[in-house]
>>> print(open('entry-v9.cif').read())   # mmCIF, C-alpha atoms
data_data
#
loop_
_atom_site.label_atom_id
_atom_site.label_comp_id
_atom_site.auth_asym_id
_atom_site.auth_seq_id
_atom_site.Cartn_x
_atom_site.Cartn_y
_atom_site.Cartn_z
CA MET A 1 105.40 116.31 95.15
CA PHE A 2 102.81 114.55 97.31
CA SER A 3 102.22 115.48 100.92
CA VAL A 4 102.32 112.71 103.50
CA PHE A 5 99.93 112.37 106.43
CA PHE A 6 99.70 108.61 106.89
CA PHE A 7 97.85 108.74 110.19
CA LEU A 8 94.80 110.33 108.58
CA PHE A 9 94.52 107.56 105.97
CA LEU A 10 92.93 110.00 103.55
CA SER A 11 91.89 108.72 100.15
CA SER A 12 95.04 109.91 98.44
CA VAL A 13 98.28 108.54 97.06
CA TYR A 14 101.25 109.61 99.12
CA SER A 15 104.86 109.27 98.09
CA CYS A 16 107.21 108.45 100.93
CA SER A 17 110.95 108.95 100.69
CA GLN A 18 113.14 108.92 103.78
CA PRO A 19 113.73 111.13 105.67
CA SER A 20 111.01 113.53 104.60
CA CYS A 21 108.08 111.38 105.72
CA ILE A 22 106.81 111.87 109.23
CA PHE A 23 104.21 109.32 110.26
CA ALA A 24 102.24 109.65 113.47
CA LEU A 25 102.84 106.07 114.59
CA ASN A 26 100.43 106.09 117.54
CA ASN A 27 97.58 107.17 115.28
CA SER A 28 98.19 104.80 112.39
CA VAL A 29 100.09 101.53 112.65
CA SER A 30 99.10 100.97 116.27
CA LYS A 31 95.39 100.86 115.37
CA ILE A 32 95.43 98.39 112.50
CA PRO A 33 93.83 95.02 113.36
CA ALA A 34 95.85 92.94 110.88
CA ILE A 35 98.71 92.96 108.39
CA TYR A 36 98.50 91.08 105.12
CA ALA A 37 101.85 90.92 103.30
CA PHE A 38 102.43 89.97 99.66
CA GLY A 39 105.62 89.75 97.67
CA ASP A 40 109.03 88.17 97.32
CA SER A 41 112.09 87.19 99.34
CA TYR A 42 112.40 90.60 100.99
CA ILE A 43 109.30 89.81 103.06
CA ASP A 44 108.89 86.00 102.88
CA SER A 45 108.72 84.62 106.42
CA GLY A 46 108.99 80.95 105.49
CA ASN A 47 106.39 79.96 102.89
CA ASN A 48 108.89 78.43 100.49
CA LYS A 49 110.06 75.80 102.97
CA PHE A 50 106.54 74.33 102.75
CA LEU A 51 106.60 74.11 98.94
CA ASP A 52 107.65 70.75 97.52
CA GLY A 53 110.84 71.09 95.50
CA ALA A 54 111.44 74.76 96.25
CA THR A 55 115.14 75.62 96.37
CA ALA A 56 114.90 79.19 97.70
CA THR A 57 114.01 78.20 101.26
CA PHE A 58 116.66 79.90 103.48
CA ASN A 59 115.72 77.62 106.34
CA TYR A 60 119.20 77.21 107.79
CA LEU A 61 121.78 79.16 109.75
CA PRO A 62 123.25 81.72 109.36
CA CYS A 63 119.87 82.94 108.06
CA GLY A 64 117.97 83.96 111.17
CA ILE A 65 121.07 84.08 113.35
CA ASP A 66 119.70 87.20 115.07
CA PHE A 67 116.04 86.16 115.00
CA GLN A 68 114.60 85.16 118.38
CA GLY A 69 117.85 83.76 119.70
CA GLY A 70 119.19 82.38 116.44
CA ARG A 71 116.33 80.56 114.74
CA PRO A 72 116.18 80.12 110.96
CA THR A 73 112.61 80.44 109.70
CA GLY A 74 112.90 80.93 105.97
CA ARG A 75 113.55 84.68 106.21
CA THR A 76 116.34 85.75 103.87
CA THR A 77 117.99 88.03 106.41
CA ASN A 78 119.80 87.66 109.72
CA GLY A 79 116.86 88.85 111.81
CA ARG A 80 113.53 90.60 111.43
CA THR A 81 112.05 91.90 108.20
CA VAL A 82 110.23 95.16 107.56
CA VAL A 83 106.91 93.34 108.04
CA ASP A 84 108.04 92.12 111.46
CA PHE A 85 108.92 95.68 112.49
CA ILE A 86 105.49 96.90 111.39
CA ALA A 87 103.84 94.15 113.43
CA GLU A 88 105.87 94.98 116.52
CA SER A 89 104.91 98.64 116.29
CA ALA A 90 101.26 97.72 115.87
CA GLY A 91 101.34 95.40 118.88
CA LEU A 92 100.55 92.43 116.65
CA PRO A 93 102.25 89.04 116.33
CA PHE A 94 104.45 88.52 113.30
CA PRO A 95 102.16 87.52 110.41
CA PRO A 96 102.72 83.77 110.01
CA PRO A 97 103.49 82.27 106.59
CA VAL A 98 100.22 81.16 105.07
CA LYS A 99 101.62 77.76 104.13
CA SER A 100 102.43 77.01 107.77
CA LEU A 101 98.77 77.27 108.84
CA SER A 102 96.28 74.44 109.18
CA LYS A 103 92.65 74.87 108.10
CA ASP A 104 91.66 75.56 111.69
CA GLN A 105 94.45 78.10 112.10
CA LEU A 106 93.36 79.88 108.92
CA LYS A 107 89.93 80.31 110.47
CA SER A 108 91.26 81.76 113.70
CA THR A 109 94.22 83.91 112.63
CA LEU A 110 92.74 87.39 112.80
CA THR A 111 95.90 89.51 113.04
CA GLY A 112 97.26 88.98 109.55
CA ILE A 113 99.11 86.52 107.34
CA ASN A 114 102.26 86.62 105.23
CA TYR A 115 101.84 85.32 101.66
CA GLY A 116 105.33 86.30 100.46
CA SER A 117 107.41 83.82 98.51
CA SER A 118 111.13 84.05 97.75
CA SER A 119 112.01 84.29 94.03
CA SER A 120 108.42 85.12 93.11
CA GLY A 121 107.27 87.98 90.95
CA ILE A 122 104.30 89.81 89.54
CA ARG A 123 104.30 87.33 86.69
CA ARG A 124 104.43 83.59 86.92
CA MET A 125 107.97 82.26 87.13
CA PRO A 126 109.15 81.58 83.53
CA PRO A 127 110.64 78.25 82.37
CA HIS A 128 114.40 78.81 82.62
CA THR A 129 114.06 80.54 85.97
CA ALA A 130 111.87 77.67 87.16
CA GLN A 131 114.73 75.27 86.49
CA ILE A 132 116.66 77.11 89.21
CA PHE A 133 113.99 77.79 91.83
CA VAL A 134 111.52 75.00 90.90
CA LYS A 135 108.55 76.22 92.94
CA VAL A 136 107.39 79.59 94.24
CA LEU A 137 104.08 81.33 94.92
CA SER A 138 103.49 83.89 92.20
CA LEU A 139 101.62 87.05 93.15
CA LYS A 140 98.53 85.60 91.49
CA GLU A 141 98.81 82.49 93.66
CA GLN A 142 99.36 84.60 96.77
CA ILE A 143 96.19 86.56 96.06
CA LYS A 144 94.30 83.30 95.51
CA LEU A 145 95.46 82.14 98.93
CA PHE A 146 94.28 85.43 100.43
CA GLU A 147 90.90 84.89 98.78
CA GLN A 148 90.72 81.49 100.47
CA THR A 149 91.68 83.20 103.74
CA THR A 150 88.76 85.60 103.48
CA LYS A 151 86.37 82.68 103.06
CA SER A 152 87.85 80.98 106.12
CA LEU A 153 87.74 84.09 108.30
CA LYS A 154 84.21 85.26 107.58
CA GLY A 155 82.71 82.90 110.13
CA GLN A 156 84.66 84.59 112.93
CA PHE A 157 82.72 87.83 112.51
CA GLU A 158 79.17 88.70 113.49
CA SER A 159 78.23 89.97 110.05
CA ASN A 160 79.54 90.60 106.57
CA GLU A 161 79.71 94.27 107.48
CA SER A 162 81.97 93.69 110.50
CA PHE A 163 84.25 91.48 108.42
CA ALA A 164 84.41 94.11 105.68
CA LEU A 165 85.32 96.68 108.33
CA HIS A 166 88.11 94.43 109.61
CA LEU A 167 89.60 94.16 106.13
CA SER A 168 89.18 97.86 105.35
CA ASN A 169 91.08 98.79 108.52
CA SER A 170 93.84 96.24 107.93
CA LEU A 171 97.17 97.06 106.29
CA PHE A 172 98.07 95.48 102.96
CA PHE A 173 101.81 95.57 102.36
CA LEU A 174 103.36 94.72 98.98
CA HIS A 175 106.94 94.36 97.78
CA THR A 176 107.33 92.72 94.39
CA GLY A 177 108.74 93.29 90.90
CA THR A 178 112.48 92.92 91.49
CA ASN A 179 112.65 89.35 90.19
CA ASP A 180 110.52 90.23 87.15
CA LEU A 181 112.94 93.03 86.26
CA SER A 182 116.12 91.09 86.96
CA VAL A 183 116.38 87.32 86.75
CA TYR A 184 113.04 86.76 84.93
CA TRP A 185 114.01 89.28 82.26
CA ASP A 186 117.61 88.19 81.92
CA LEU A 187 116.88 84.47 81.64
CA ASP A 188 113.51 84.37 79.89
CA GLU A 189 111.33 87.38 79.29
CA LYS A 190 113.66 89.28 76.94
CA LYS A 191 112.99 86.56 74.36
CA GLY A 192 109.29 87.38 74.26
CA PHE A 193 109.41 91.19 74.11
CA PRO A 194 111.04 93.47 71.53
CA ASN A 195 112.58 95.65 74.25
CA VAL A 196 112.63 96.13 78.00
CA GLU A 197 110.40 99.21 77.83
CA LYS A 198 107.48 97.24 76.37
CA TYR A 199 108.03 94.49 78.90
CA ILE A 200 107.92 96.96 81.78
CA ARG A 201 104.74 98.57 80.47
CA TYR A 202 103.16 95.12 80.28
CA LEU A 203 104.43 94.27 83.75
CA SER A 204 102.99 97.45 85.25
CA LYS A 205 99.58 96.71 83.75
CA GLU A 206 99.69 93.23 85.24
CA PHE A 207 100.50 94.67 88.65
CA LYS A 208 97.61 97.12 88.37
CA LYS A 209 95.24 94.20 87.78
CA LYS A 210 96.61 92.42 90.86
CA LEU A 211 96.04 95.49 93.05
CA GLU A 212 92.49 95.77 91.74
CA LYS A 213 91.93 92.11 92.61
CA ILE A 214 93.12 92.62 96.20
CA TYR A 215 90.84 95.65 96.46
CA GLY A 216 87.94 93.54 95.23
CA LEU A 217 88.57 91.13 98.10
CA GLY A 218 88.19 93.90 100.68
CA ALA A 219 91.54 95.71 100.98
CA ARG A 220 91.44 99.49 101.35
CA LYS A 221 94.73 100.55 102.98
CA PHE A 222 97.78 99.75 100.85
CA VAL A 223 101.49 100.30 101.37
CA VAL A 224 103.14 99.62 98.01
CA ASN A 225 106.92 99.63 97.74
CA ASN A 226 108.65 100.51 94.54
CA VAL A 227 111.64 98.51 93.28
CA SER A 228 115.02 99.21 94.87
CA PRO A 229 118.17 99.76 92.76
CA PHE A 230 119.00 96.09 92.36
CA GLY A 231 121.97 96.98 90.16
CA CYS A 232 123.66 97.84 93.45
CA HIS A 233 123.24 94.37 94.94
CA PRO A 234 126.53 92.74 95.95
CA TYR A 235 125.76 89.91 93.53
CA TYR A 236 125.88 92.22 90.52
CA LEU A 237 128.76 94.32 91.82
CA HIS A 238 130.88 91.18 92.19
CA SER A 239 129.77 89.31 89.07
CA LYS A 240 129.29 91.93 86.33
CA PRO A 241 131.75 94.45 84.90
CA HIS A 242 130.81 98.05 85.64
CA SER A 243 132.44 101.45 85.37
CA THR A 244 130.11 103.19 87.81
CA SER A 245 129.30 102.49 91.44
CA CYS A 246 126.31 100.33 90.43
CA LEU A 247 125.07 98.68 87.25
CA GLU A 248 123.08 101.53 85.77
CA GLU A 249 121.37 99.54 83.02
CA MET A 250 119.73 97.39 85.67
CA ASN A 251 118.82 100.33 87.83
CA ARG A 252 117.25 101.97 84.79
CA ARG A 253 114.78 99.08 84.60
CA ALA A 254 113.75 99.80 88.18
CA VAL A 255 113.38 103.52 87.46
CA LEU A 256 111.18 102.86 84.41
CA PHE A 257 108.93 100.56 86.40
CA ASN A 258 108.80 102.90 89.39
CA ASP A 259 107.73 105.84 87.23
CA LEU A 260 104.82 103.81 85.89
CA LEU A 261 103.96 102.53 89.36
CA SER A 262 103.49 106.05 90.69
CA ASP A 263 101.10 106.81 87.85
CA ILE A 264 99.21 103.56 88.39
CA LEU A 265 98.59 104.26 92.07
CA THR A 266 97.28 107.73 91.22
CA VAL A 267 94.84 106.21 88.74
CA LEU A 268 93.73 103.51 91.19
CA GLU A 269 93.15 106.02 93.97
CA LYS A 270 90.71 107.82 91.71
CA SER A 271 88.96 104.71 90.46
CA LEU A 272 88.79 102.56 93.61
CA LYS A 273 86.44 104.07 96.18
CA GLY A 274 87.69 104.50 99.74
CA THR A 275 91.31 103.53 99.15
CA THR A 276 94.54 104.86 100.56
CA PHE A 277 97.78 104.10 98.75
CA ILE A 278 101.12 104.82 100.38
CA LEU A 279 103.97 104.60 97.89
CA CYS A 280 107.13 103.80 99.82
CA ASP A 281 110.14 105.02 97.85
CA LEU A 282 112.48 102.13 98.50
CA TYR A 283 114.58 103.11 95.50
CA LYS A 284 115.51 106.45 97.03
CA LEU A 285 116.18 104.91 100.42
CA PHE A 286 118.73 102.45 99.00
CA GLU A 287 120.14 105.15 96.76
CA ASP A 288 120.70 107.41 99.77
CA VAL A 289 122.27 104.60 101.79
CA HIS A 290 124.70 103.79 98.99
CA ALA A 291 125.60 107.46 98.58
CA LEU A 292 126.08 108.23 102.29
CA PRO A 293 126.32 104.93 104.16
CA GLU A 294 127.82 106.29 107.38
CA THR A 295 124.94 108.74 107.74
CA TYR A 296 122.70 105.71 108.21
CA GLY A 297 125.08 103.71 110.39
CA PHE A 298 126.56 101.48 107.69
CA ARG A 299 130.20 100.84 106.95
CA ASN A 300 129.73 98.36 104.11
CA VAL A 301 127.15 98.63 101.31
CA VAL A 302 128.91 96.60 98.61
CA ASP A 303 129.58 93.22 100.27
CA SER A 304 127.32 90.66 101.85
CA CYS A 305 127.74 89.84 105.52
CA CYS A 306 127.49 86.07 105.15
CA ILE A 307 129.95 83.85 103.32
CA ASP A 308 128.19 82.49 100.27
CA VAL A 309 128.49 78.94 98.97
CA ALA A 310 130.66 80.03 96.03
CA GLY A 311 132.86 82.24 98.18
CA ASN A 312 132.67 85.10 95.69
CA GLN A 313 129.54 87.08 96.66
CA THR A 314 127.36 85.50 93.98
CA ARG A 315 125.34 82.82 95.77
CA GLU A 316 123.21 82.26 98.85
CA CYS A 317 124.77 81.96 102.31
CA ALA A 318 126.77 78.80 102.93
CA PRO A 319 124.94 76.65 105.52
CA GLY A 320 126.57 76.63 108.91
CA ARG A 321 129.24 79.21 108.07
CA ALA A 322 129.52 82.08 110.54
CA PRO A 323 128.66 85.47 109.00
CA CYS A 324 130.43 88.76 109.73
CA ALA A 325 130.61 89.69 113.40
CA ASP A 326 129.16 93.20 113.16
CA ARG A 327 126.04 92.61 111.15
CA THR A 328 124.51 95.95 112.08
CA THR A 329 126.93 97.87 109.84
CA HIS A 330 126.25 95.85 106.68
CA ALA A 331 123.40 96.94 104.41
CA TYR A 332 123.22 93.45 102.88
CA PHE A 333 123.16 90.13 104.68
CA ASP A 334 123.68 88.00 101.58
CA PRO A 335 124.48 89.05 97.99
CA PHE A 336 120.79 89.70 97.24
CA HIS A 337 118.98 90.64 100.45
CA PRO A 338 119.11 93.44 103.02
CA SER A 339 120.25 92.94 106.58
CA GLU A 340 117.98 93.36 109.60
CA SER A 341 119.47 96.85 110.07
CA MET A 342 118.41 97.78 106.54
CA HIS A 343 114.95 96.32 107.13
CA LYS A 344 114.62 98.44 110.25
CA LEU A 345 115.65 101.55 108.33
CA TRP A 346 113.08 100.62 105.67
CA PHE A 347 110.39 100.47 108.33
CA GLN A 348 111.47 103.77 109.84
CA SER A 349 111.58 105.52 106.49
CA CYS A 350 108.01 104.53 105.64
CA PHE A 351 106.28 104.53 109.00
CA MET A 352 107.95 107.05 111.24
CA ASP A 353 110.34 109.94 111.33
CA ILE A 354 113.95 108.91 111.88
CA LYS A 355 115.10 110.12 115.26
#
>>> encode(input="entry-v9.cif", output="structure tokens")
Amino acid sequence: MFSVFFFLFLSSVYSCSQPSCIFALNNSVSKIPAIYAFGDSYIDSGNNKFLDGATATFNYLPCGIDFQGGRPTGRTTNGRTVVDFIAESAGLPFPPPVKSLSKDQLKSTLTGINYGSSSSGIRRMPPHTAQIFVKVLSLKEQIKLFEQTTKSLKGQFESNESFALHLSNSLFFLHTGTNDLSVYWDLDEKKGFPNVEKYIRYLSKEFKKKLEKIYGLGARKFVVNNVSPFGCHPYYLHSKPHSTSCLEEMNRRAVLFNDLLSDILTVLEKSLKGTTFILCDLYKLFEDVHALPETYGFRNVVDSCCIDVAGNQTRECAPGRAPCADRTTHAYFDPFHPSESMHKLWFQSCFMDIK
């Protein structure tokens, strides 16, 4: 079992599972100059609403009902995301969605950018899935946008060395893989692989290459989240038959990927000079919340808070429909995505001891 001392940012891989991780917040997050976030709908702050044809935009109430007075932004939750909580603790503005920035803004935004895109994955969105979501930013495309960002930002620094120092001190936050293991596999990828195990091995190798690419662009401090037990999402609990509390076959996919991810980060720490990898055990956090919800302040971990368009817990929130009144006690805001309360717990579990 790895030890965790995040504030030292030693060149080691640390495994973080709530509530055993104690992070010295004043010595770590508060000193980072920027946050660069990559991933899917769990952290997307509005990029998809700028993509022509994209259907997973979430730019309507009740999404955002608790965000800055009730403002939908494209976030898939009722309020702030884990990335927003990190930014607040660091004294930084919320990283803006990269697609919302003009060329001039890209040159002057020094405190971080959010590249996340709802419905995206490690791999490019496959054909049948693309018929549903039409357009997303794959992780490869997100990294390409970050590469363009680095070219835009360089001119704001006195030297290449000072720019490299800025990037090496910045926090790179990643949450991805859920869509690859769920909808991508179910609708498309299973046709191209003999079994899910080989697919997951391939997927993990692809993710390793993406992390190496981000490192090559200057990143040194990584927080990588593993995949949560998506077989416990309200969508699956209300749409698929199951004899256990969650759909274990789906959760097994996450476990297989997460086991490989831990090994990958250990290998990368040894091969990539000067890196720190924090592995945030999101799987265990959700597992613990489902097992003992009241311990974490939740009363409902099986239903979404909002009323979905189908009225059966299987679709996105219905536009304009009022969600549940006490959103703080629901772990999920819609059938797929965590509530602001769950995002806050996520932040606390990975960046500070829970008081």
>>> closest_residue(input="entry-v9.cif", among="A:Tyr42, A:Phe333, A:Phe351, A:Phe298", to="A:Gly116", atoms="all atoms listed in the file")
A:Tyr42
>>> closest_atom_pairs(input="entry-v9.cif", of="stretch 222-259 of chain A", to="stretch 301-318 of chain A", cutoff="10 Å", atoms="all atoms listed in the file", output="tab-separated table")
residue	atom	partner	partner_atom	distance
A:Cys232	CA	A:Val302	CA	7.5
A:His233	CA	A:Val302	CA	7.1
A:Pro234	CA	A:Val302	CA	5.3
A:Tyr235	CA	A:Thr314	CA	4.7
A:Tyr236	CA	A:Thr314	CA	7.7
A:Leu237	CA	A:Val302	CA	7.2
A:His238	CA	A:Gln313	CA	6.2
A:Ser239	CA	A:Thr314	CA	6.7
A:Ser245	CA	A:Val302	CA	9.3
A:Cys246	CA	A:Val302	CA	9.4
>>> resolve_selection(input="entry-v9.cif", expression="the PyMOL selection byres ((chain A and resi 75) around 6)", output="list of chain:residue names")
A:Asp44, A:Ser45, A:Gly46, A:Thr73, A:Gly74, A:Thr76, A:Thr77
>>> closest_residue(input="entry-v9.cif", among="A:Ile132, A:Gln68, A:Glu88, A:Lys103", to="A:Ala54", atoms="all atoms listed in the file")
A:Ile132
>>> resolve_selection(input="entry-v9.cif", expression="the PyMOL selection byres ((chain A and resi 225) around 12)", output="PyMOL selection string")
chain A and resi 14-17+37-40+42-43+82+172-178+222-224+226-228+254+257-258+261-262+265+277-285+346-347+349-350
>>> atom_distance(input="entry-v9.cif", atom1="atom CA of A:Pro241", atom2="atom CA of A:Phe336")
17.2 Å
>>> atom_distance(input="entry-v9.cif", atom1="atom CA of A:Arg327", atom2="atom CA of A:Leu247")
24.7 Å
>>> atom_distance(input="entry-v9.cif", atom1="atom CA of A:Leu51", atom2="atom CA of A:Phe207")
23.8 Å
>>> residues_around(input="entry-v9.cif", residues="A:Gly218", least_positions_apart="3", cutoff="7 Å", atoms="all atoms listed in the file", output="PDB file with C-alpha atoms, in the frame of the given file")
ATOM      1  CA  ALA A 164      84.410  94.110 105.680  1.00  0.00           C
ATOM      2  CA  LEU A 167      89.600  94.160 106.130  1.00  0.00           C
ATOM      3  CA  SER A 168      89.180  97.860 105.350  1.00  0.00           C
ATOM      4  CA  ILE A 214      93.120  92.620  96.200  1.00  0.00           C
ATOM      5  CA  TYR A 215      90.840  95.650  96.460  1.00  0.00           C
TER       6      TYR A 215
END
>>> residues_around(input="entry-v9.cif", residues="A:Ala87", least_positions_apart="4", cutoff="9 Å", atoms="only C-alpha atoms", output="VMD selection string")
chain A and resid 29 to 30 34 to 35 82 to 83 91 to 95
>>> residues_near_point(input="entry-v9.cif", point="(113.9, 79.7, 84.2)", cutoff="8 Å", atoms="all atoms listed in the file", output="VMD selection string")
chain A and resid 125 to 133 184 187 to 188
